[in-house]
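Dumped my_file.txt below, it's compact mmCIF, C-alpha atoms:
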# COMPACT_ATOMS: atom_id res chain seq x y z
CA MET A 299 -51.36 120.61 -46.29
CA PRO A 300 -49.13 117.81 -44.92
CA VAL A 301 -46.61 120.45 -43.87
CA LEU A 302 -49.28 122.45 -42.00
CA LEU A 303 -50.57 119.27 -40.35
CA THR A 304 -47.06 118.34 -39.30
CA GLU A 305 -46.47 121.81 -37.86
CA LEU A 306 -49.80 121.65 -36.07
CA LEU A 307 -48.96 118.28 -34.56
CA VAL A 308 -45.54 119.55 -33.48
CA ALA A 309 -47.16 122.59 -31.89
CA VAL A 310 -49.69 120.41 -30.06
CA ALA A 311 -46.94 118.07 -28.91
CA PHE A 312 -44.87 121.02 -27.70
CA ALA A 313 -47.87 122.45 -25.85
CA CYS A 314 -48.49 119.09 -24.20
CA LEU A 315 -44.86 118.84 -23.16
CA LEU A 316 -45.05 122.37 -21.78
CA LEU A 317 -48.21 121.52 -19.82
CA LEU A 318 -46.61 118.38 -18.45
CA ALA A 319 -43.50 120.32 -17.44
CA CYS A 320 -45.60 122.94 -15.68
CA HIS A 321 -47.63 120.19 -14.03
CA HIS A 322 -44.45 118.46 -12.82
CA LEU A 323 -42.88 121.66 -11.48
CA ARG A 324 -46.01 122.72 -9.63
CA SER A 325 -46.57 119.22 -8.33
CA GLN A 326 -43.07 119.19 -6.90
CA ARG A 327 -43.66 122.56 -5.26
CA LEU A 328 -47.01 121.47 -3.79
CA ARG A 329 -45.57 118.24 -2.44
CA SER A 330 -42.92 120.22 -0.60
CA GLN A 331 -45.62 122.20 1.20
CA LYS A 332 -47.16 119.66 3.60
CA PRO A 333 -49.51 120.74 4.92
CA VAL A 334 -50.33 123.29 2.20
CA ALA A 335 -52.55 125.27 4.55
CA ILE A 336 -53.53 125.20 8.20
CA VAL A 337 -57.32 125.51 8.30
CA THR A 338 -58.43 127.34 11.46
CA LYS A 339 -61.80 129.03 10.93
CA PHE A 340 -64.88 127.00 11.83
CA ALA A 341 -66.61 127.31 8.46
CA ASP A 342 -63.40 126.38 6.64
CA VAL A 343 -62.76 123.44 8.97
CA VAL A 344 -66.26 122.05 8.40
CA ALA A 345 -65.97 122.54 4.64
CA HIS A 346 -62.55 120.91 4.67
CA LEU A 347 -63.67 117.87 6.68
CA SER A 348 -67.04 117.36 5.00
CA ALA A 349 -65.91 117.84 1.40
CA GLN A 350 -65.81 114.10 0.66
CA GLU A 351 -68.40 112.80 3.16
CA SER A 352 -70.60 111.37 0.38
CA ASP A 353 -67.91 108.94 -0.81
CA ILE A 354 -66.70 106.63 1.98
CA ARG A 355 -63.78 105.27 -0.02
CA GLN A 356 -62.62 108.76 -0.94
CA ILE A 357 -62.82 110.08 2.61
CA LEU A 358 -60.98 107.01 3.92
CA LEU A 359 -58.29 107.62 1.31
CA SER A 360 -58.04 111.28 2.30
CA ARG A 361 -57.25 110.17 5.87
CA ALA A 362 -55.06 107.21 4.94
CA ILE A 363 -52.57 109.20 2.85
CA PRO A 364 -51.42 111.49 5.70
CA ASN A 365 -51.36 108.47 8.02
CA ALA A 366 -48.97 106.50 5.84
CA ARG A 367 -46.24 107.35 8.34
CA LEU A 368 -48.00 105.02 10.82
CA ILE A 369 -47.36 102.10 8.48
CA ARG A 370 -43.69 102.96 8.37
CA ALA A 371 -43.41 103.44 12.13
CA PHE A 372 -45.77 100.81 13.54
CA GLY A 373 -46.81 98.49 10.74
CA VAL A 374 -50.43 99.53 11.25
CA THR A 375 -53.00 97.79 9.04
CA ASN A 376 -56.29 99.17 10.41
CA THR A 377 -58.81 101.61 8.96
CA PHE A 378 -56.62 104.64 9.67
CA VAL A 379 -54.22 103.69 6.87
CA THR A 380 -56.46 102.22 4.15
CA ASP A 381 -59.28 103.28 1.87
CA ASP A 382 -60.95 99.87 2.03
CA PRO A 383 -64.55 100.27 3.31
CA ASP A 384 -64.63 96.61 4.38
CA VAL A 385 -61.59 97.12 6.63
CA HIS A 386 -63.24 100.23 8.03
CA ARG A 387 -66.50 98.45 8.80
CA ALA A 388 -64.73 95.48 10.39
CA PHE A 389 -62.55 97.69 12.56
CA THR A 390 -65.36 99.91 13.81
CA ARG A 391 -67.55 96.87 14.47
CA GLU A 392 -64.79 95.26 16.55
CA ALA A 393 -64.10 98.55 18.36
CA ARG A 394 -67.77 98.85 19.37
CA THR A 395 -67.75 95.24 20.55
CA ILE A 396 -64.66 95.90 22.68
CA LEU A 397 -66.23 98.96 24.30
CA ALA A 398 -69.53 97.20 24.92
CA SER A 399 -67.78 94.24 26.56
CA ALA A 400 -65.79 96.55 28.83
CA ILE A 401 -68.88 98.31 30.20
CA PRO A 402 -71.94 96.16 29.34
CA ASN A 403 -74.14 98.12 31.76
CA ASP A 404 -73.93 101.50 33.45
CA ALA A 405 -73.39 99.78 36.81
CA ASP A 406 -70.16 98.25 35.46
CA TRP A 407 -68.44 101.62 35.83
CA HIS A 408 -68.06 100.63 39.49
CA SER A 409 -65.95 97.65 38.43
CA PHE A 410 -63.95 99.86 36.08
CA ALA A 411 -63.22 102.25 38.97
CA GLN A 412 -62.13 99.36 41.18
CA LEU A 413 -59.81 98.13 38.43
CA ALA A 414 -58.33 101.60 38.01
CA SER A 415 -57.77 101.84 41.76
CA ALA A 416 -56.05 98.44 41.79
CA MET A 417 -53.71 99.51 38.98
CA VAL A 418 -52.76 102.72 40.82
CA GLU A 419 -52.19 100.74 44.01
CA ARG A 420 -50.05 98.23 42.11
CA TYR A 421 -47.83 100.98 40.71
CA ILE A 422 -47.38 102.47 44.19
CA SER A 423 -46.52 99.08 45.67
CA GLU A 424 -43.98 98.47 42.89
CA SER A 425 -42.31 101.73 43.92
CA LEU A 426 -41.83 100.86 47.61
CA ASP A 427 -38.07 101.09 47.25
CA GLN A 428 -38.29 104.41 45.41
CA SER A 429 -39.13 107.86 46.67
CA SER A 430 -40.35 109.20 43.34
CA SER A 431 -41.21 108.38 39.76
CA ASP A 432 -41.21 110.09 36.41
CA PHE A 433 -44.69 111.59 35.94
CA THR A 434 -45.19 110.33 32.40
CA MET A 435 -44.01 106.83 33.32
CA PHE A 436 -46.56 106.72 36.13
CA VAL A 437 -49.42 107.84 33.87
CA ARG A 438 -48.36 105.72 30.90
CA ILE A 439 -48.09 102.47 32.86
CA VAL A 440 -51.25 102.96 34.92
CA THR A 441 -53.29 103.95 31.86
CA PHE A 442 -51.98 101.12 29.69
CA ARG A 443 -52.71 98.50 32.32
CA ILE A 444 -56.26 99.79 32.80
CA MET A 445 -56.93 99.81 29.05
CA ALA A 446 -55.35 96.38 28.52
CA VAL A 447 -57.28 94.68 31.32
CA SER A 448 -60.65 96.41 30.84
CA LEU A 449 -60.82 96.43 27.05
CA PHE A 450 -58.75 93.42 26.01
CA LYS A 451 -59.10 91.15 29.08
CA VAL A 452 -55.33 90.84 29.54
CA GLU A 453 -54.37 89.01 32.73
CA PRO A 454 -52.96 91.72 35.05
CA GLU A 455 -49.99 89.62 36.20
CA LEU A 456 -48.71 89.51 32.59
CA LEU A 457 -48.30 93.29 32.55
CA GLN A 458 -44.94 93.55 34.26
CA HIS A 459 -43.67 97.05 34.99
CA HIS A 460 -40.56 96.93 32.81
CA ASP A 461 -42.46 95.43 29.86
CA VAL A 462 -45.25 98.01 29.96
CA ASP A 463 -42.70 100.79 30.32
CA PHE A 464 -40.81 99.46 27.29
CA VAL A 465 -43.96 99.30 25.16
CA THR A 466 -45.45 102.67 26.14
CA LYS A 467 -42.15 104.53 26.00
CA GLY A 468 -41.37 102.87 22.67
CA ILE A 469 -44.74 103.89 21.22
CA ASN A 470 -43.99 107.50 22.19
CA GLU A 471 -40.57 107.34 20.59
CA LEU A 472 -41.81 105.80 17.35
CA TRP A 473 -44.68 108.28 17.12
CA ALA A 474 -42.30 111.23 17.47
CA LEU A 475 -39.90 109.76 14.89
CA SER A 476 -42.76 109.08 12.48
CA MET A 477 -43.23 112.85 12.17
CA THR A 478 -39.66 113.17 10.87
CA THR A 479 -37.46 111.52 8.27
CA SER A 480 -35.29 109.91 10.94
CA THR A 481 -34.66 106.19 10.99
CA PHE A 482 -36.20 104.04 13.70
CA PRO A 483 -34.15 102.30 16.40
CA PRO A 484 -33.51 98.74 15.20
CA GLY A 485 -35.51 96.15 17.09
CA LEU A 486 -37.78 98.63 18.89
CA LEU A 487 -40.96 97.79 16.99
CA ASP A 488 -40.14 94.08 17.12
CA GLY A 489 -39.79 94.33 20.89
CA ILE A 490 -43.11 96.14 21.20
CA ASN A 491 -44.93 93.66 18.99
CA ALA A 492 -43.44 90.64 20.78
CA ARG A 493 -44.92 91.83 24.07
CA LEU A 494 -48.25 92.88 22.57
CA LYS A 495 -48.72 89.48 20.93
CA ILE A 496 -48.27 87.79 24.31
CA TRP A 497 -50.84 90.09 25.89
CA LEU A 498 -53.33 90.21 22.98
CA PRO A 499 -52.96 86.90 21.11
CA GLN A 500 -56.49 87.22 19.72
CA TYR A 501 -55.33 89.86 17.22
CA PRO A 502 -52.94 89.21 14.30
CA ASN A 503 -51.63 92.77 14.65
CA PRO A 504 -52.42 93.98 18.20
CA ILE A 505 -51.01 97.45 17.68
CA ASP A 506 -53.95 98.15 15.34
CA PHE A 507 -56.12 98.36 18.47
CA ILE A 508 -53.60 99.45 21.10
CA LEU A 509 -52.68 102.71 19.36
CA PRO A 510 -56.21 104.18 19.10
CA THR A 511 -57.27 103.03 22.59
CA TYR A 512 -54.18 103.87 24.64
CA GLU A 513 -52.15 106.51 22.83
CA THR A 514 -54.50 109.49 23.24
CA MET A 515 -55.93 108.33 26.57
CA TRP A 516 -52.70 108.53 28.56
CA ARG A 517 -52.11 112.12 27.41
CA LEU A 518 -55.67 113.12 28.35
CA ILE A 519 -55.11 111.60 31.82
CA ALA A 520 -51.75 113.33 32.24
CA THR A 521 -53.10 116.73 31.21
CA SER A 522 -56.15 116.36 33.46
CA ILE A 523 -54.02 115.56 36.50
CA ALA A 524 -51.70 118.46 35.76
CA LEU A 525 -54.59 120.92 35.53
CA LEU A 526 -56.72 119.62 38.40
CA HIS A 527 -54.51 118.26 41.17
CA LYS A 528 -54.48 121.54 43.15
CA ASP A 529 -58.13 122.54 42.58
CA ALA A 530 -59.95 121.64 45.82
CA LEU A 531 -63.49 122.16 44.47
CA THR A 532 -62.87 120.08 41.36
CA ARG A 533 -61.19 117.34 43.36
CA GLN A 534 -64.24 117.12 45.63
CA THR A 535 -66.48 116.76 42.57
CA LEU A 536 -64.20 114.00 41.29
CA ALA A 537 -64.15 112.32 44.71
CA ASP A 538 -67.96 112.19 44.70
CA PHE A 539 -67.85 110.79 41.18
CA ARG A 540 -65.34 108.15 42.27
CA GLN A 541 -67.90 106.82 44.75
CA ASN A 542 -70.68 106.81 42.16
CA PRO A 543 -69.11 106.69 38.68
CA LEU A 544 -72.33 106.22 36.74
CA ARG A 545 -73.44 108.12 33.64
CA ARG A 546 -75.92 110.27 35.53
CA GLN A 547 -73.27 111.36 38.04
CA PHE A 548 -70.79 112.03 35.23
CA ALA A 549 -73.16 114.59 33.68
CA ALA A 550 -74.57 116.01 36.95
CA TYR A 551 -73.72 119.54 38.08
CA PRO A 552 -73.15 119.77 41.85
CA PRO A 553 -74.46 122.76 43.85
CA GLN A 554 -71.07 124.39 43.34
CA GLY A 555 -68.80 123.92 40.36
CA ALA A 556 -68.95 121.95 37.16
CA SER A 557 -69.84 118.39 36.24
CA VAL A 558 -67.12 115.82 35.65
CA GLU A 559 -68.19 115.69 32.02
CA SER A 560 -67.69 119.43 31.58
CA ILE A 561 -64.34 119.25 33.40
CA ILE A 562 -63.03 116.62 30.98
CA LYS A 563 -64.48 118.55 28.05
CA GLU A 564 -62.61 121.66 29.13
CA VAL A 565 -59.36 119.75 29.47
CA MET A 566 -59.86 118.46 25.94
CA ARG A 567 -60.78 121.91 24.66
CA LEU A 568 -57.56 123.50 25.89
CA HIS A 569 -55.34 120.47 25.31
CA PRO A 570 -56.91 118.29 22.62
CA PRO A 571 -55.13 114.93 22.35
CA THR A 572 -55.61 115.26 18.58
CA ARG A 573 -54.52 118.77 17.66
CA GLY A 574 -54.98 118.45 13.92
CA LEU A 575 -57.19 116.49 11.52
CA PHE A 576 -55.24 115.82 8.35
CA ARG A 577 -56.83 115.12 4.98
CA ALA A 578 -55.31 114.62 1.55
CA ILE A 579 -56.99 116.44 -1.31
CA GLN A 580 -56.52 116.74 -5.06
CA VAL A 581 -55.31 120.20 -6.11
CA PRO A 582 -55.19 121.24 -9.79
CA THR A 583 -51.65 122.02 -10.85
CA LEU A 584 -52.85 123.95 -13.91
CA PRO A 585 -55.93 125.77 -12.56
CA LEU A 586 -56.21 128.10 -15.56
CA LEU A 587 -57.28 125.24 -17.79
CA PRO A 588 -61.02 124.63 -18.22
CA PRO A 589 -62.42 122.10 -15.67
CA PRO A 590 -62.43 119.01 -17.90
CA LEU A 591 -58.74 119.50 -18.65
CA SER A 592 -57.67 120.81 -15.24
CA ARG A 593 -58.90 117.59 -13.63
CA LEU A 594 -56.31 115.72 -15.69
CA PHE A 595 -53.49 117.68 -14.03
CA THR A 596 -53.74 117.33 -10.24
CA CYS A 597 -51.47 116.72 -7.29
CA THR A 598 -52.23 115.14 -3.92
CA VAL A 599 -51.51 117.50 -1.04
CA VAL A 600 -52.32 117.45 2.66
CA ARG A 601 -54.25 120.06 4.61
CA ALA A 602 -54.74 120.20 8.36
CA ALA A 603 -57.75 121.36 10.33
CA GLU A 604 -56.09 122.97 13.37
CA ILE A 605 -58.30 121.80 16.25
CA GLY A 606 -56.05 123.36 18.87
CA TYR A 607 -56.58 126.81 17.38
CA LEU A 608 -60.29 126.35 16.71
CA GLN A 609 -60.98 125.38 20.32
CA ARG A 610 -59.28 128.56 21.56
CA ASP A 611 -60.73 130.88 18.95
CA GLN A 612 -61.93 134.00 20.81
CA SER A 613 -64.58 134.66 18.18
CA ILE A 614 -66.19 131.39 19.31
CA TRP A 615 -65.21 131.06 22.96
CA GLY A 616 -64.94 134.70 24.03
CA PRO A 617 -62.03 136.76 25.39
CA ASP A 618 -61.29 134.16 28.10
CA ALA A 619 -60.79 131.38 25.54
CA ASP A 620 -57.36 130.52 26.99
CA VAL A 621 -58.70 130.23 30.54
CA PHE A 622 -59.64 126.88 32.09
CA GLU A 623 -63.37 127.30 32.79
CA PRO A 624 -65.40 124.07 32.77
CA MET A 625 -68.67 125.92 33.43
CA ARG A 626 -68.57 127.24 29.87
CA HIS A 627 -69.88 123.79 28.85
CA HIS A 628 -73.03 124.09 30.97
CA PRO A 629 -76.06 123.50 28.71
CA LYS A 630 -77.39 126.97 29.54
CA ARG A 631 -74.10 128.62 28.57
CA CYS A 632 -72.62 126.55 25.76
CA THR A 633 -73.72 127.79 22.35
CA GLU A 634 -74.47 125.57 19.37
CA LEU A 635 -71.36 126.87 17.62
CA GLN A 636 -69.21 126.03 20.63
CA GLN A 637 -70.60 122.51 20.79
CA LYS A 638 -69.90 121.97 17.09
CA SER A 639 -66.39 123.38 17.50
CA MET A 640 -65.37 120.59 19.90
CA LEU A 641 -63.67 118.30 17.41
CA GLY A 642 -61.16 116.43 19.55
CA PHE A 643 -62.78 113.12 18.57
CA GLY A 644 -62.96 113.89 14.88
CA PHE A 645 -65.80 114.76 12.57
CA GLY A 646 -68.60 113.21 10.56
CA SER A 647 -68.43 109.59 9.45
CA LEU A 648 -64.84 109.26 10.73
CA LYS A 649 -65.63 110.44 14.26
CA CYS A 650 -64.06 108.22 16.91
CA VAL A 651 -66.39 105.40 18.01
CA ALA A 652 -65.21 105.92 21.61
CA SER A 653 -66.26 109.58 21.74
CA ASN A 654 -68.82 108.85 24.47
CA TRP A 655 -66.91 106.13 26.31
CA ALA A 656 -63.46 107.72 26.48
CA PRO A 657 -64.31 110.96 28.40
CA HIS A 658 -66.24 108.94 31.00
CA ALA A 659 -63.37 106.47 31.36
CA ALA A 660 -60.89 109.34 31.63
CA GLY A 661 -63.00 110.95 34.35
CA VAL A 662 -62.97 107.73 36.37
CA ILE A 663 -59.20 107.22 36.02
CA VAL A 664 -58.44 110.84 36.93
CA ALA A 665 -60.76 110.63 39.94
CA VAL A 666 -59.05 107.45 41.13
CA ILE A 667 -55.57 108.94 40.82
CA LEU A 668 -56.46 112.25 42.45
CA GLU A 669 -58.04 110.54 45.45
CA ARG A 670 -54.51 109.30 46.28
CA VAL A 671 -52.91 112.75 45.96
CA ASN A 672 -51.75 114.23 49.29
CA ASP A 673 -52.31 110.97 51.18
CA ASP A 674 -50.14 108.57 49.16
CA ILE A 675 -48.67 110.57 46.30
CA GLN A 676 -47.62 114.12 45.59
CA ILE A 677 -47.52 115.66 42.13
CA VAL A 678 -44.38 117.66 41.39
CA GLU A 679 -45.02 120.31 38.75
CA GLY A 680 -42.74 121.16 35.88
CA PRO A 681 -42.54 124.49 34.05
CA MET A 682 -45.22 123.62 31.49
CA ILE A 683 -47.89 121.08 30.61
CA GLY A 684 -46.64 118.74 27.92
CA ALA A 685 -48.20 116.51 25.28
CA ARG A 686 -46.40 113.33 24.23
CA GLU A 687 -43.24 115.14 25.22
CA GLY A 688 -42.49 118.31 27.15
CA TRP A 689 -43.10 117.02 30.69
CA ASP A 690 -39.65 117.99 31.94
CA GLY A 691 -39.63 118.61 35.68
CA TRP A 692 -42.88 116.77 36.37
CA GLY A 693 -42.76 113.92 38.84
CA VAL A 694 -44.61 111.83 41.41
CA ILE A 695 -43.47 111.42 45.01
CA PHE A 696 -44.70 108.40 46.94
CA ARG A 697 -45.31 109.44 50.52
CA GLY A 698 -45.55 105.97 52.03
CA CYS A 699 -42.38 104.61 50.48
CA GLN A 700 -39.35 103.75 52.58
CA LYS A 701 -37.00 106.21 50.91
CA TYR A 702 -39.52 109.03 51.25
CA ASP A 703 -39.89 108.30 54.98
CA GLU A 704 -36.11 108.25 55.42
CA GLU A 705 -35.60 111.48 53.47
CA SER A 706 -38.45 113.21 55.32
Could you spell out this file's structure in structure tokens?
Amino acid sequence: MPVLLTELLVAVAFACLLLLACHHLRSQRLRSQKPVAIVTKFADVVAHLSAQESDIRQILLSRAIPNARLIRAFGVTNTFVTDDPDVHRAFTREARTILASAIPNDADWHSFAQLASAMVERYISESLDQSSSDFTMFVRIVTFRIMAVSLFKVEPELLQHHDVDFVTKGINELWALSMTTSTFPPGLLDGINARLKIWLPQYPNPIDFILPTYETMWRLIATSIALLHKDALTRQTLADFRQNPLRRQFAAYPPQGASVESIIKEVMRLHPPTRGLFRAIQVPTLPLLPPPLSRLFTCTVVRAAEIGYLQRDQSIWGPDADVFEPMRHHPKRCTELQQKSMLGFGFGSLKCVASNWAPHAAGVIVAVILERVNDDIQIVEGPMIGAREGWDGWGVIFRGCQKYDEES
């Protein structure tokens, strides 16, 4: 009997070692496949994003794991990189306070438009000795200044051109490097943080709020300008909105053409600032085991809901899904499925708190910039519309500048 017991124990031990070896090998293979799958179909995307909605800590963790690269690149400490519900509540509460203080009443959109116009004018005046500017530099600096002054009450004179260019260009560089295994340029993050702490001394880690407010906004502005600057009908709609930038005007459809709201929606549909929503999930490494045992052998992997694909899916948007057509968002045309498929601001309990504010703000900024096109500035097109990168060939020519007058 002791011999049989010994053999049984040896067999069990061997089986356990075999299971652990299989678990380790499959775990290694799964970890090398990030993301494991690109989720593109609407039903799968919803299932993927809503799987852990009932457990706030778990859903925060599922977002924080893929975002760990932001800690490495930027030293972020906000809700995007932690599973702590208290951090999440504090961050979202502060974000709502910031937005409410920027536009306390609908009429304050007039002040926001005036600020945006002043920041565009300032950039042009700073370029009096230049005939042109890099397109992304123009959009980055103008957008950052508007966000910093309107949301964080930064004194405009503190936002010197070379400092804002350093910060915004550096954020782009660090973001791109965070997607790789490359090392970061020494001193770059320190230089960014040194400037941000001068501008936003009220925050112990200002980049926690700068990244989510500025980083996607400048790309939405850039893409909107690229798509709209030659469209006369759309520019007239935006010009009317510039004169009356209130919520009602934002949503109103003119006698001809689309509303500003639908225009910005269509820009975001074709070029979502957030192309993928990443979530970490637990995958069984030994799925053939019965459930109680299989849950003991799991591996954390990352899956991505591909928003860029979903918002161009012809089964949802029709055969012209790749065509820029703002009127598709008209309430009489836009289906319930299409409305639910617009996920550029996220999903469920983790949806961006600025999902209503940001499109309106973008519409105002785009309107302000485009009102200067032809008279004061000219947009030079490149071969393709970029994202954070890929804007080669794009530029801005300043018509009233000395060098432009001499070269003309």
Which neighbours of stretch 652-659 of chain A fall inside 9 Å, counting all atoms listed in the file, when residues of the same chain fewer than 3 positions from it are skipped, and could you give them as a ChimeraX atom specification? /A:393-394,397,401,407,410-411,511,515,518,543-545,548,558-559,562-563,642-644,649,662-664
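Atom CA of A:Leu487 is positioned 25.3 Å from atom CA of A:Cys650.
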In the coordinate frame of the file, compute which residues have an atom within 12 Å of (-54.8, 119.9, 9.8) when using all atoms listed in the file, and state them as a ChimeraX atom specification. /A:332-339,342-344,346-347,360-361,364,572-579,599-608,641,644
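Separating atom CA of A:Ser560 from atom CA of A:His627 is a distance of 5.6 Å.
Taking only C-alpha atoms into account, A:Thr633 lies nearest to A:Trp615 out of the set A:Pro383, A:Thr598, A:Trp615, A:Leu531.
When all atoms listed in the file are used to measure the gap to A:Leu494, the shortest distance among A:Ile469, A:Ile363, A:Ile357, A:Ala345 belongs to A:Ile469.
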